[in-house]
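Q: Before I ask anything, here is the structure I am working with.
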Amino acid sequence: MDSEIIWRTGNLMLTDSGTWWAVWRLTPLSYSNDARKEDVRRAHQELFQAIRGEALLLGFTAEHDPGAIVERMMRGVRMDHCPDYLDEVELTLESLESVRVGTRAFWLAVPLATTSWQAKAQSVFTASWGKVQSTLGLPRRTPSPLEIRSARESALVVERALPGALTPLPATPAELAWIHFHSQLRGLRMDEVVPTPDVDADPEVEFTVMRSGRELSYPLLDEGGQSDVKRRERFVPFRRRYLKVESDRADVASYQAMLAVTGTPPGGWTFPGVEWISWVDQMGIDVDWAIRMQVVDAEQSKDRNRRAERTLDDQYEQQSGNVSITGSQNGLDHHAALLQEFHGKISADEREVEVQATIVFAIGGDSAEEVSETANTIRKQYRAQNFILDAVLGEQESLWWAMQPGVPTTRIVRELAQLSTGRDLSTTVPVITYDVGDEHGILVGENISSGRNSPTFLDLYGATQSNLSGSCAVVGELGGGKSVNLKIIAGAVVDRGGRLVVIDRSQPLEYAKFARTLAPESTTIVEILNPEYSLDPLRVFGNGEGPRITQSLFAAMLRVEAFDERGTFLSSVLDPEYTAANGIDSLQKLLQHVSELGTPEAQSLARTMNTIASKPDLGRVLFDSSLPPLPLKARATVFCTRGLELPKEAELANEQRYRHMSIEKIFGAAIYSLLASIGRTICFATDEEFALFLVDEAHHMTSQPTGLEEITRFVTEGRKSAAAIALGTQTVAQLGSADVRGLIPIRIVMRLQDENLARDAAKWLAGEKASDELVEDIQSLSPPDPRDPNRRVPLHRRGESIMRDSQKRLGHVRWLLPQREARREAILTTPPTLDLEEVAA
């Protein structure tokens with residue numbers, strides 16, 4: 001057999017038989033979220049029900065281009081202003097050149113019924129006369145404009161019927177060539193990167209370029225690799241169920257095995273749960289697949305069923321009165337039951353279709369032994385679930401051609417067809433992906449949801465530019481890798497020209513140490529109980545925002561209610577005209593001024609303010625004017641709150657306990673509110689650059705009403721100012737109210753070994769109907785090695801998480817440390833009492 005393609009233009013191909021084929025690239029649907037699986041199945045049913053006649057569905061493995069990956073890292077970044085990020089990109093490119101990063105590409109190919117008999121006649125003439133011209137060595141006649149226009153119109157009819165969920169895009173000539181050569185080089189790892197659909201292409205231009213099918217070089221196909229058998233050796237065909245493919249694109253041959261599905265479980269399979277075509281993606285093996293289909297509508301199928309029923313009636317009549325010794329009567333009963341079942345399915349929906357589907361899996365390698373061993377592995381794994389895959393003897397070449405667009409259905413393809421309905425076939429959901437994350441942005445790790453690892457990006461800034469929230473939260477138990485992930489995000493934000501504000505609760509000041517490695521010349525560290533900078537709102541924000549923030553601070557710290565006598569007095573003193581007239585530009589001068597006033601409310605306020613100001617460990621950060629005010633233009637700002645006492649939830653909920661809280665707890669709660677307010681003010685100051693507010697151990701803030709309010713504002717309003725918040729907690733409940741938990745779009749869960757905590761996290765990721773399997777997955781992330789006396793996590797299991805992205809897709813992501821050694825060390829900085837490798841986990 002030879003290639004049928006004689007002319008190509010746009011996504012159309014004219015074959016030797018005079019038939020035009022059209023090919024579309026399909027966008028796979030996310031299949032990671034249980035709540036969406038029925039929608040994905042329904043989209044596949046719509047796909048199969050939209051087809052009539054012959055069709056070919058392809059799912060070919062492909063590799064990501066390292067250059068394209070780093071381009072996605074750089075998109076939207078002014079690289080000339082980000083030298084540190086440029087170093088990271090260059091090192092990433094070097095690392096990717098030695099690592100295979102895979103994907104799967106999908107196409108649908110359909111032979112077209114032309115819209116006019118004139119065009120059909122011309123196409124047949126073009127094809128048949130072309131054979132004569134080729135034989136005589138003459139230039140081939142190109143299709144006429146009428147032929148091309150008619151084929152385009154037919155293709156548009158098919159395209160409009162395809163489900164929009166799969167986003168069918170006309171395949172480019174480069175894609176058609178890639179399919180052709182990928183089939184020849186299968187298993188040799190010599191593919192070029194699969195071309196991407198050109199969404200901006202001008203169809204009028206695309207269809208004016210005519211390409212000869214002879215541009216595609218043809219392989220030499222050797223059934224069973226007979227050319228490898230020496231004359232004096234005995235040829236044993238049963239042991240050579242493969243195809244040797246030699247191409248002028250490679251110096252070595254590709255050995256390939258085509259495994260056809262010849263049997264499925266007698267009782268069918270469960271949906272969701274047994275999506276068996278995509279099982280090959282979990283095996284870590286490069287496996288292509290193709291589904292050859294013949295689709296007829298329900299009425300045609302019912303006619304066939306009626307003819308089959310009459311045939312059965314005749315056979316029953318012939319056997320009436322006979323004693324069944326061999327069980328032939330039982331065989332008829334079985335066929336009758338199957339016919340009745342199928343008729344019920346085809347009659348259940350007026351849009352239903354009958355599909356005769358031949359499903360072929362293809363693998364390749366550089367030796368016959370390798371491909372035979374791989375084929376046996378796949379067959380055994382499928383057989384364990386009652387699926388029979390057969391490398392049909394003597395038909396490997398025919399099945400190879402059956403996976404090529406433009407090649408008509410052959411006898412063996414029809415013989416291997418499995419009878420199904422559109423709905424039943426849709427439960428195989430072949431056109432799916434486990435991709436998670438954004439199209440570009442920060443490269444945070446690799447998607448390990450299937451055996452074909454792919455890069456995972458986070459574009460928090462891009463989300464805000466699309467009028468969406470870029471906020472995220474990381475939940476995980478101690479040692480699960482939560483803080484490491486937050487530092488990966490934070491470091492990349494600064495490297496890419498963004499700004500960072502952090503509240504660091506840790507005793508060893510780990511985020512402060514980390515921030516100093518990001519932009520040392522533009523990093524501000526403020527330790528609340530041992531400050532080098534003042535957080536006095538009047539000094540930091542001046543006469544604009546300062547008075548308002550001061551009044552909010554005093555309401556929390558001094559319990560100055562807005563409408564009591566002290567509150568109204570304070571409001572009048574903080575009036576911008578009054579402060580300007582009286583030179584009140586700091587809290588120290590405010591205290592001095594109200595102390596000099598003789599009114600009762602002034603004296604009461606002064607005594608209350610002095611309660612804090614007189615305590616050096618608490619008051620310096622607010623009342624010491626010798627400290628420089630906090631600079632607001634720093635690239636990274638870290639507030640260190642170690643040693644601050646905070647009220648417990650029970651104290652906040654009980655009025656009596658609240659009124660008797662210690663000064664230290666009152667001060668701590670007020671400072672957290674102030675820090676949230678300062679962080680929001682810094683991050684919301686401009687929308688010209690992205691700003692991230694990071695709060696690890698966030699329960700210290702979410703447990704305070706004012707802190708929770710600020711976090712809510714960040715999540716809901718940050719997008720307007722190109723700002724987002726990143727939270728880290730040990731449990732989902734610590735994120736605060738249900739509203740806040742629900743509003744956070746990007747959700748990352750690390751290891752939670754406790755079943756109840758894992759179940760809460762699963763519901764946060766996937767909804768109330770989260771599966772038990774998801775709970776078990778969360779519990780088993782980055783497991784400590786039981787053989788290690790220090791319970792460290794093995795290197796290859798570190799950084800595992802389950803992520804839900806802004807599109808509500810779920811995926812298993814293994815977070816990767818940056819390529820720069822200095823950044824790795826900074827991220828893995830841990831308390832001296834902890835083991836470095838344990839924290840790295």
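Following the order of the structure tokens, chains are lettered A, B, ..., residues in each are numbered from 1, and ligands are numbered from 1.
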Residues within 10 Å of Ala723 (chain A), please, as a CSV table (one decimal) with N, CA and C atoms, in the first residue's frame. Count only C-alpha atoms; anything in the same chain fewer than 4 positions from it doesn't count.

A:
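Resulting contents of part.csv:
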chain,number,residue,atom,x,y,z
A,460,LEU,N,0.1,34.4,38.3
A,460,LEU,CA,-0.7,35.1,39.3
A,460,LEU,C,-1.0,36.5,38.7
A,461,TYR,N,0.0,37.1,38.1
A,461,TYR,CA,-0.2,38.5,37.5
A,461,TYR,C,-1.1,38.4,36.3
A,463,ALA,N,-3.6,36.5,35.9
A,463,ALA,CA,-4.9,36.3,36.4
A,463,ALA,C,-5.5,37.7,36.7
A,464,THR,N,-4.8,38.5,37.4
A,464,THR,CA,-5.3,39.9,37.7
A,464,THR,C,-5.5,40.7,36.4
A,465,GLN,N,-4.7,40.5,35.4
A,465,GLN,CA,-4.8,41.2,34.1
A,465,GLN,C,-6.1,40.8,33.4
A,469,SER,N,-8.9,36.8,40.2
A,469,SER,CA,-8.1,36.8,41.4
A,469,SER,C,-6.9,36.0,41.2
A,470,GLY,N,-5.7,36.5,41.5
A,470,GLY,CA,-4.5,35.7,41.5
A,470,GLY,C,-4.1,35.1,42.8
A,471,SER,N,-5.0,35.1,43.8
A,471,SER,CA,-4.6,34.7,45.1
A,471,SER,C,-4.6,33.1,45.2
A,498,GLY,N,8.3,42.0,40.2
A,498,GLY,CA,7.2,42.3,41.1
A,498,GLY,C,7.6,42.7,42.5
A,499,ARG,N,6.7,42.9,43.3
A,499,ARG,CA,7.0,43.4,44.7
A,499,ARG,C,6.4,42.3,45.7
A,500,LEU,N,7.0,42.3,46.9
A,500,LEU,CA,6.7,41.2,47.8
A,500,LEU,C,6.6,41.8,49.2
A,680,ARG,N,-1.7,45.7,52.4
A,680,ARG,CA,-2.7,46.1,51.4
A,680,ARG,C,-2.4,47.4,50.7
A,682,ILE,N,0.5,49.0,50.4
A,682,ILE,CA,1.7,48.8,49.6
A,682,ILE,C,1.3,48.1,48.2
A,683,CYS,N,0.6,47.0,48.4
A,683,CYS,CA,0.3,46.2,47.2
A,683,CYS,C,-0.7,46.8,46.3
A,684,PHE,N,-1.6,47.6,46.9
A,684,PHE,CA,-2.6,48.2,46.1
A,684,PHE,C,-2.2,49.6,45.5
A,685,ALA,N,-1.0,50.0,45.8
A,685,ALA,CA,-0.5,51.4,45.5
A,685,ALA,C,-0.5,51.6,44.0
A,686,THR,N,-0.2,50.5,43.2
A,686,THR,CA,0.0,50.7,41.8
A,686,THR,C,-0.4,49.4,41.1
A,687,ASP,N,-0.9,49.6,39.8
A,687,ASP,CA,-1.3,48.4,39.1
A,687,ASP,C,-0.3,48.2,37.9
A,689,GLU,N,2.8,47.1,38.3
A,689,GLU,CA,3.6,45.9,38.6
A,689,GLU,C,2.9,45.1,39.5
A,690,PHE,N,3.1,43.8,39.5
A,690,PHE,CA,2.4,42.8,40.3
A,690,PHE,C,3.0,42.9,41.7
A,691,ALA,N,2.1,42.7,42.7
A,691,ALA,CA,2.6,42.7,44.1
A,691,ALA,C,1.9,41.5,44.8
A,692,LEU,N,2.7,40.8,45.6
A,692,LEU,CA,2.2,39.6,46.3
A,692,LEU,C,2.3,39.9,47.8
A,693,PHE,N,1.3,39.6,48.6
A,693,PHE,CA,1.2,39.7,50.0
A,693,PHE,C,1.2,38.2,50.5
A,714,PHE,N,-8.2,41.4,50.1
A,714,PHE,CA,-7.1,41.1,49.1
A,714,PHE,C,-7.7,40.1,48.0
A,715,VAL,N,-8.4,39.1,48.5
A,715,VAL,CA,-8.9,38.1,47.5
A,715,VAL,C,-9.9,38.7,46.6
A,717,GLU,N,-10.6,42.2,46.0
A,717,GLU,CA,-10.3,43.4,45.3
A,717,GLU,C,-8.9,43.5,44.7
A,718,GLY,N,-8.0,42.6,45.1
A,718,GLY,CA,-6.6,42.6,44.6
A,718,GLY,C,-6.4,42.7,43.1
A,719,ARG,N,-7.3,42.0,42.4
A,719,ARG,CA,-7.2,42.0,40.9
A,719,ARG,C,-7.3,43.4,40.3

Q: Show me a table, sorted first by chain and then by increasing residue number, of the residues of region 169-264 of chain A having an atom at most 12 Å from region 417-441 of chain A, each with its shortest atom pair and the distance in Å to one decimal, counting only C-alpha atoms and written as a tab-separated table.

A:
residue	atom	partner	partner_atom	distance
A:Ala260	CA	A:Ala417	CA	9.3
A:Val261	CA	A:Gln418	CA	8.2
A:Thr262	CA	A:Gln418	CA	7.6
A:Gly263	CA	A:Gln418	CA	8.1
A:Thr264	CA	A:Gln418	CA	8.8

Q: How would the residues just chosen look if you wrote them out with N, CA, C and O atoms as an mmCIF file, in the first residue's frame?

A:
data_model
loop_
_atom_site.group_PDB
_atom_site.id
_atom_site.type_symbol
_atom_site.label_atom_id
_atom_site.label_comp_id
_atom_site.auth_asym_id
_atom_site.auth_seq_id
_atom_site.Cartn_x
_atom_site.Cartn_y
_atom_site.Cartn_z
ATOM 1 N N ALA A 260 -4.442 -4.217 18.285
ATOM 2 C CA ALA A 260 -5.865 -3.932 18.082
ATOM 3 C C ALA A 260 -6.680 -4.504 19.233
ATOM 4 O O ALA A 260 -6.381 -5.594 19.747
ATOM 5 N N VAL A 261 -7.698 -3.773 19.630
ATOM 6 C CA VAL A 261 -8.595 -4.250 20.679
ATOM 7 C C VAL A 261 -9.537 -5.272 20.054
ATOM 8 O O VAL A 261 -10.329 -4.951 19.165
ATOM 9 N N THR A 262 -9.438 -6.506 20.516
ATOM 10 C CA THR A 262 -10.269 -7.579 19.968
ATOM 11 C C THR A 262 -11.282 -8.118 20.976
ATOM 12 O O THR A 262 -12.094 -8.967 20.625
ATOM 13 N N GLY A 263 -11.210 -7.657 22.194
ATOM 14 C CA GLY A 263 -12.170 -8.100 23.191
ATOM 15 C C GLY A 263 -12.252 -7.146 24.356
ATOM 16 O O GLY A 263 -11.246 -6.560 24.769
ATOM 17 N N THR A 264 -13.456 -6.963 24.877
ATOM 18 C CA THR A 264 -13.687 -6.107 26.034
ATOM 19 C C THR A 264 -14.433 -6.901 27.094
ATOM 20 O O THR A 264 -14.972 -7.982 26.791
#

Q: Grab the CA of Ser30 (chain A) to CA of Phe457 (chain A) distance for me, in Å with one decimal place.

A: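 Rounded to one decimal, the two atoms are 15.9 Å apart.
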
Q: Please measure the separation of CA of Arg642 (chain A) and CA of Lys482 (chain A), giving the value in Å to one decimal.

A: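 Pair CA of Arg642 (chain A) / CA of Lys482 (chain A) returns 19.1 Å.
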
Q: Which parts of region 65-117 of chain A does DSSP call alpha helix (DSSP H) when run on the backbone here, written out as a list in words?

A: Pro66, Gly67, Ala68, Ile69, Val70, Glu71, Arg72, Met73, Met74, Pro83, Asp84, Tyr85, Leu86, Asp87, Glu88, Val89, Glu90, Leu91, Thr92, Leu93, Glu94, Ser95, Leu96 and Trp117 of chain A

Q: Could those selected residues go to a file with C-alpha atoms, as an mmCIF file, in the first residue's frame?

A:
data_model
loop_
_atom_site.group_PDB
_atom_site.id
_atom_site.type_symbol
_atom_site.label_atom_id
_atom_site.label_comp_id
_atom_site.auth_asym_id
_atom_site.auth_seq_id
_atom_site.Cartn_x
_atom_site.Cartn_y
_atom_site.Cartn_z
ATOM 1 C CA PRO A 66 12.529 23.227 25.711
ATOM 2 C CA GLY A 67 12.720 26.543 23.886
ATOM 3 C CA ALA A 68 8.928 26.837 23.930
ATOM 4 C CA ILE A 69 8.864 26.087 27.659
ATOM 5 C CA VAL A 70 11.309 28.844 28.551
ATOM 6 C CA GLU A 71 9.486 31.197 26.187
ATOM 7 C CA ARG A 72 6.401 30.576 28.314
ATOM 8 C CA MET A 73 8.494 31.466 31.365
ATOM 9 C CA MET A 74 9.505 34.784 29.799
ATOM 10 C CA PRO A 83 18.786 39.770 35.239
ATOM 11 C CA ASP A 84 18.227 37.237 38.017
ATOM 12 C CA TYR A 85 15.231 35.798 36.215
ATOM 13 C CA LEU A 86 17.209 35.653 32.981
ATOM 14 C CA ASP A 87 19.826 33.507 34.756
ATOM 15 C CA GLU A 88 17.055 31.187 35.938
ATOM 16 C CA VAL A 89 15.614 30.917 32.423
ATOM 17 C CA GLU A 90 18.992 30.101 30.877
ATOM 18 C CA LEU A 91 19.716 27.409 33.461
ATOM 19 C CA THR A 92 16.227 25.983 32.996
ATOM 20 C CA LEU A 93 16.804 25.702 29.257
ATOM 21 C CA GLU A 94 20.024 23.770 29.881
ATOM 22 C CA SER A 95 18.280 21.392 32.271
ATOM 23 C CA LEU A 96 15.343 20.766 29.929
ATOM 24 C CA TRP A 117 -21.485 16.662 -8.263
#

Q: Show which residues sit within 10 Å of Leu393 (chain A), as a ChimeraX atom specification. Count only C-alpha atoms, and ignore same-chain residues fewer than 4 positions away.

A: /A:223-224,237-242,397

Q: Deliver the residues from the most recent selection as a file, using N, CA, C and O atoms, as a PDB file, in the first residue's frame.

A:
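Printed below is part39.pdb as written:
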ATOM      1  N   GLU A 223       6.775  -6.230   6.997  1.00  0.00           N
ATOM      2  CA  GLU A 223       5.973  -7.014   7.937  1.00  0.00           C
ATOM      3  C   GLU A 223       6.826  -8.093   8.594  1.00  0.00           C
ATOM      4  O   GLU A 223       7.456  -8.916   7.910  1.00  0.00           O
ATOM      5  N   GLY A 224       6.891  -8.041   9.932  1.00  0.00           N
ATOM      6  CA  GLY A 224       7.643  -9.042  10.666  1.00  0.00           C
ATOM      7  C   GLY A 224       9.142  -8.888  10.583  1.00  0.00           C
ATOM      8  O   GLY A 224       9.880  -9.756  11.056  1.00  0.00           O
ATOM      9  N   PRO A 237       6.819 -16.726  11.875  1.00  0.00           N
ATOM     10  CA  PRO A 237       6.010 -15.500  11.867  1.00  0.00           C
ATOM     11  C   PRO A 237       5.304 -15.228  13.180  1.00  0.00           C
ATOM     12  O   PRO A 237       5.073 -14.070  13.537  1.00  0.00           O
ATOM     13  N   PHE A 238       4.940 -16.278  13.931  1.00  0.00           N
ATOM     14  CA  PHE A 238       4.177 -16.059  15.156  1.00  0.00           C
ATOM     15  C   PHE A 238       4.973 -15.273  16.201  1.00  0.00           C
ATOM     16  O   PHE A 238       4.399 -14.689  17.107  1.00  0.00           O
ATOM     17  N   ARG A 239       6.298 -15.298  16.083  1.00  0.00           N
ATOM     18  CA  ARG A 239       7.130 -14.574  17.036  1.00  0.00           C
ATOM     19  C   ARG A 239       7.537 -13.204  16.517  1.00  0.00           C
ATOM     20  O   ARG A 239       8.311 -12.505  17.158  1.00  0.00           O
ATOM     21  N   ARG A 240       7.042 -12.822  15.358  1.00  0.00           N
ATOM     22  CA  ARG A 240       7.463 -11.560  14.750  1.00  0.00           C
ATOM     23  C   ARG A 240       6.232 -10.702  14.434  1.00  0.00           C
ATOM     24  O   ARG A 240       5.982 -10.317  13.289  1.00  0.00           O
ATOM     25  N   ARG A 241       5.476 -10.445  15.481  1.00  0.00           N
ATOM     26  CA  ARG A 241       4.248  -9.662  15.323  1.00  0.00           C
ATOM     27  C   ARG A 241       4.567  -8.166  15.458  1.00  0.00           C
ATOM     28  O   ARG A 241       4.185  -7.514  16.430  1.00  0.00           O
ATOM     29  N   TYR A 242       5.310  -7.691  14.501  1.00  0.00           N
ATOM     30  CA  TYR A 242       5.668  -6.276  14.505  1.00  0.00           C
ATOM     31  C   TYR A 242       5.950  -5.845  13.076  1.00  0.00           C
ATOM     32  O   TYR A 242       5.929  -6.662  12.133  1.00  0.00           O
ATOM     33  N   GLU A 397       1.095  -4.131   8.843  1.00  0.00           N
ATOM     34  CA  GLU A 397       1.188  -3.054   7.859  1.00  0.00           C
ATOM     35  C   GLU A 397      -0.178  -2.431   7.613  1.00  0.00           C
ATOM     36  O   GLU A 397      -0.309  -1.203   7.537  1.00  0.00           O
TER      37      GLU A 397
END

Q: Please compute the CA of Ile711 (chain A)-CA of Ser466 (chain A) distance, one decimal, in Å.

A: 20.6 Å

Q: When you look at region 102-111 of chain A with a cut-off of 9 Å (counting only C-alpha atoms), what residues show up, excluding the ones that are within fewer than 6 positions of it in the same chain? I need them as an mmCIF file with N, CA and C atoms, in the first residue's frame.

A:
data_model
loop_
_atom_site.group_PDB
_atom_site.id
_atom_site.type_symbol
_atom_site.label_atom_id
_atom_site.label_comp_id
_atom_site.auth_asym_id
_atom_site.auth_seq_id
_atom_site.Cartn_x
_atom_site.Cartn_y
_atom_site.Cartn_z
ATOM 1 N N THR A 19 -11.273 11.441 -3.129
ATOM 2 C CA THR A 19 -11.955 11.858 -1.912
ATOM 3 C C THR A 19 -11.132 12.908 -1.170
ATOM 4 N N TRP A 20 -11.801 13.955 -0.742
ATOM 5 C CA TRP A 20 -11.149 14.957 0.100
ATOM 6 C C TRP A 20 -11.309 14.571 1.566
ATOM 7 N N TRP A 21 -10.243 14.757 2.328
ATOM 8 C CA TRP A 21 -10.272 14.569 3.780
ATOM 9 C C TRP A 21 -9.986 15.911 4.440
ATOM 10 N N ALA A 22 -10.601 16.120 5.592
ATOM 11 C CA ALA A 22 -10.314 17.302 6.402
ATOM 12 C C ALA A 22 -9.837 16.846 7.777
ATOM 13 N N VAL A 23 -8.914 17.600 8.344
ATOM 14 C CA VAL A 23 -8.330 17.235 9.647
ATOM 15 C C VAL A 23 -8.420 18.431 10.588
ATOM 16 N N TRP A 24 -8.830 18.155 11.832
ATOM 17 C CA TRP A 24 -8.908 19.199 12.856
ATOM 18 C C TRP A 24 -8.088 18.798 14.078
ATOM 19 N N ARG A 25 -7.451 19.757 14.675
ATOM 20 C CA ARG A 25 -6.789 19.558 15.977
ATOM 21 C C ARG A 25 -7.845 19.737 17.051
ATOM 22 N N LEU A 26 -7.910 18.815 17.980
ATOM 23 C CA LEU A 26 -8.872 18.882 19.078
ATOM 24 C C LEU A 26 -8.167 19.278 20.371
ATOM 25 N N THR A 27 -8.819 20.091 21.155
ATOM 26 C CA THR A 27 -8.288 20.502 22.453
ATOM 27 C C THR A 27 -8.788 19.532 23.512
ATOM 28 N N PRO A 28 -7.900 18.833 24.201
ATOM 29 C CA PRO A 28 -8.363 17.854 25.193
ATOM 30 C C PRO A 28 -9.061 18.524 26.368
ATOM 31 N N ILE A 51 -20.751 12.849 13.948
ATOM 32 C CA ILE A 51 -20.083 12.244 12.783
ATOM 33 C C ILE A 51 -21.047 11.307 12.072
ATOM 34 N N GLY A 53 -20.712 8.404 8.818
ATOM 35 C CA GLY A 53 -19.798 7.747 7.909
ATOM 36 C C GLY A 53 -18.463 7.454 8.572
ATOM 37 N N GLU A 54 -17.409 7.603 7.815
ATOM 38 C CA GLU A 54 -16.078 7.219 8.265
ATOM 39 C C GLU A 54 -15.391 8.369 8.992
ATOM 40 N N ALA A 55 -14.577 8.044 9.975
ATOM 41 C CA ALA A 55 -13.788 9.059 10.690
ATOM 42 C C ALA A 55 -12.615 8.377 11.363
ATOM 43 N N LEU A 56 -11.589 9.162 11.637
ATOM 44 C CA LEU A 56 -10.381 8.663 12.298
ATOM 45 C C LEU A 56 -10.022 9.632 13.415
ATOM 46 N N LEU A 57 -9.984 9.124 14.641
ATOM 47 C CA LEU A 57 -9.602 9.921 15.810
ATOM 48 C C LEU A 57 -8.216 9.483 16.248
ATOM 49 N N LEU A 58 -7.287 10.440 16.352
ATOM 50 C CA LEU A 58 -5.895 10.131 16.677
ATOM 51 C C LEU A 58 -5.488 10.762 18.002
ATOM 52 N N GLY A 59 -4.698 10.024 18.775
ATOM 53 C CA GLY A 59 -4.060 10.550 19.976
ATOM 54 C C GLY A 59 -2.594 10.153 19.962
ATOM 55 N N PHE A 60 -1.723 11.068 19.510
ATOM 56 C CA PHE A 60 -0.303 10.756 19.338
ATOM 57 C C PHE A 60 0.528 11.427 20.425
ATOM 58 N N THR A 61 1.505 10.698 20.930
ATOM 59 C CA THR A 61 2.408 11.264 21.922
ATOM 60 C C THR A 61 3.360 12.246 21.252
ATOM 61 N N ALA A 62 3.735 13.250 22.002
ATOM 62 C CA ALA A 62 4.623 14.284 21.473
ATOM 63 C C ALA A 62 5.477 14.807 22.618
ATOM 64 N N GLU A 63 6.463 15.597 22.265
ATOM 65 C CA GLU A 63 7.345 16.179 23.265
ATOM 66 C C GLU A 63 7.269 17.693 23.224
ATOM 67 N N HIS A 64 7.454 18.300 24.400
ATOM 68 C CA HIS A 64 7.513 19.752 24.484
ATOM 69 C C HIS A 64 8.890 20.243 24.051
ATOM 70 N N ALA A 155 -16.202 20.761 4.627
ATOM 71 C CA ALA A 155 -15.470 20.721 5.892
ATOM 72 C C ALA A 155 -16.118 21.639 6.927
ATOM 73 N N VAL A 158 -19.051 19.933 8.599
ATOM 74 C CA VAL A 158 -18.624 19.005 9.653
ATOM 75 C C VAL A 158 -18.139 19.772 10.872
ATOM 76 N N PRO A 168 -12.448 22.501 18.084
ATOM 77 C CA PRO A 168 -11.784 22.004 16.871
ATOM 78 C C PRO A 168 -11.184 23.144 16.065
ATOM 79 N N ALA A 171 -6.383 21.816 11.209
ATOM 80 C CA ALA A 171 -4.968 21.447 11.310
ATOM 81 C C ALA A 171 -4.173 22.182 10.231
ATOM 82 N N VAL A 194 5.761 18.940 17.982
ATOM 83 C CA VAL A 194 4.489 19.000 17.265
ATOM 84 C C VAL A 194 4.090 20.459 17.051
ATOM 85 N N ASP A 288 0.892 5.538 21.041
ATOM 86 C CA ASP A 288 -0.082 6.245 20.215
ATOM 87 C C ASP A 288 -1.342 5.398 20.101
ATOM 88 N N PRO A 405 -4.373 9.490 8.283
ATOM 89 C CA PRO A 405 -5.476 10.212 7.630
ATOM 90 C C PRO A 405 -5.366 10.082 6.119
ATOM 91 N N GLY A 406 -6.511 9.977 5.461
ATOM 92 C CA GLY A 406 -6.529 9.888 4.014
ATOM 93 C C GLY A 406 -6.561 8.476 3.484
ATOM 94 N N PRO A 408 -8.388 4.882 3.224
ATOM 95 C CA PRO A 408 -9.736 4.343 3.451
ATOM 96 C C PRO A 408 -9.709 3.110 4.349
ATOM 97 N N VAL A 431 -10.221 11.837 24.541
ATOM 98 C CA VAL A 431 -9.596 13.142 24.292
ATOM 99 C C VAL A 431 -9.578 13.934 25.599
ATOM 100 N N THR A 433 -7.058 15.438 29.108
ATOM 101 C CA THR A 433 -5.750 15.859 29.582
ATOM 102 C C THR A 433 -5.788 15.980 31.092
ATOM 103 N N GLY A 451 1.733 9.371 33.203
ATOM 104 C CA GLY A 451 3.102 8.964 32.923
ATOM 105 C C GLY A 451 3.825 9.924 31.993
ATOM 106 N N ARG A 452 3.107 10.920 31.462
ATOM 107 C CA ARG A 452 3.713 11.884 30.550
ATOM 108 C C ARG A 452 3.841 13.213 31.272
ATOM 109 N N ASN A 453 4.963 13.421 31.939
ATOM 110 C CA ASN A 453 5.171 14.619 32.739
ATOM 111 C C ASN A 453 5.226 15.857 31.846
ATOM 112 N N SER A 454 4.623 16.937 32.333
ATOM 113 C CA SER A 454 4.590 18.188 31.583
ATOM 114 C C SER A 454 4.817 19.335 32.550
ATOM 115 N N PRO A 455 5.263 20.501 32.053
ATOM 116 C CA PRO A 455 5.543 21.628 32.951
ATOM 117 C C PRO A 455 4.271 22.242 33.515
#

Q: For Asp575 (chain A), work out the shell of residues within 9 Å, counting only C-alpha atoms and skipping chain neighbours fewer than 5 positions away, then give it as a PDB file with N, CA and C atoms, in the first residue's frame.

A:
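Contents of selection_28.pdb, freshly written:
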ATOM      1  N   ASN A 543       0.025  62.698  55.810  1.00  0.00           N
ATOM      2  CA  ASN A 543      -1.252  63.283  56.200  1.00  0.00           C
ATOM      3  C   ASN A 543      -2.415  62.821  55.326  1.00  0.00           C
ATOM      4  N   PRO A 547      -3.841  59.441  59.002  1.00  0.00           N
ATOM      5  CA  PRO A 547      -4.871  59.607  60.040  1.00  0.00           C
ATOM      6  C   PRO A 547      -5.922  58.499  60.040  1.00  0.00           C
ATOM      7  N   LEU A 570     -10.627  61.963  69.005  1.00  0.00           N
ATOM      8  CA  LEU A 570      -9.490  61.530  68.206  1.00  0.00           C
ATOM      9  C   LEU A 570      -9.707  61.875  66.745  1.00  0.00           C
ATOM     10  N   ALA A 580      -1.956  69.257  60.320  1.00  0.00           N
ATOM     11  CA  ALA A 580      -1.016  70.128  59.612  1.00  0.00           C
ATOM     12  C   ALA A 580      -0.794  71.428  60.363  1.00  0.00           C
TER      13      ALA A 580
END
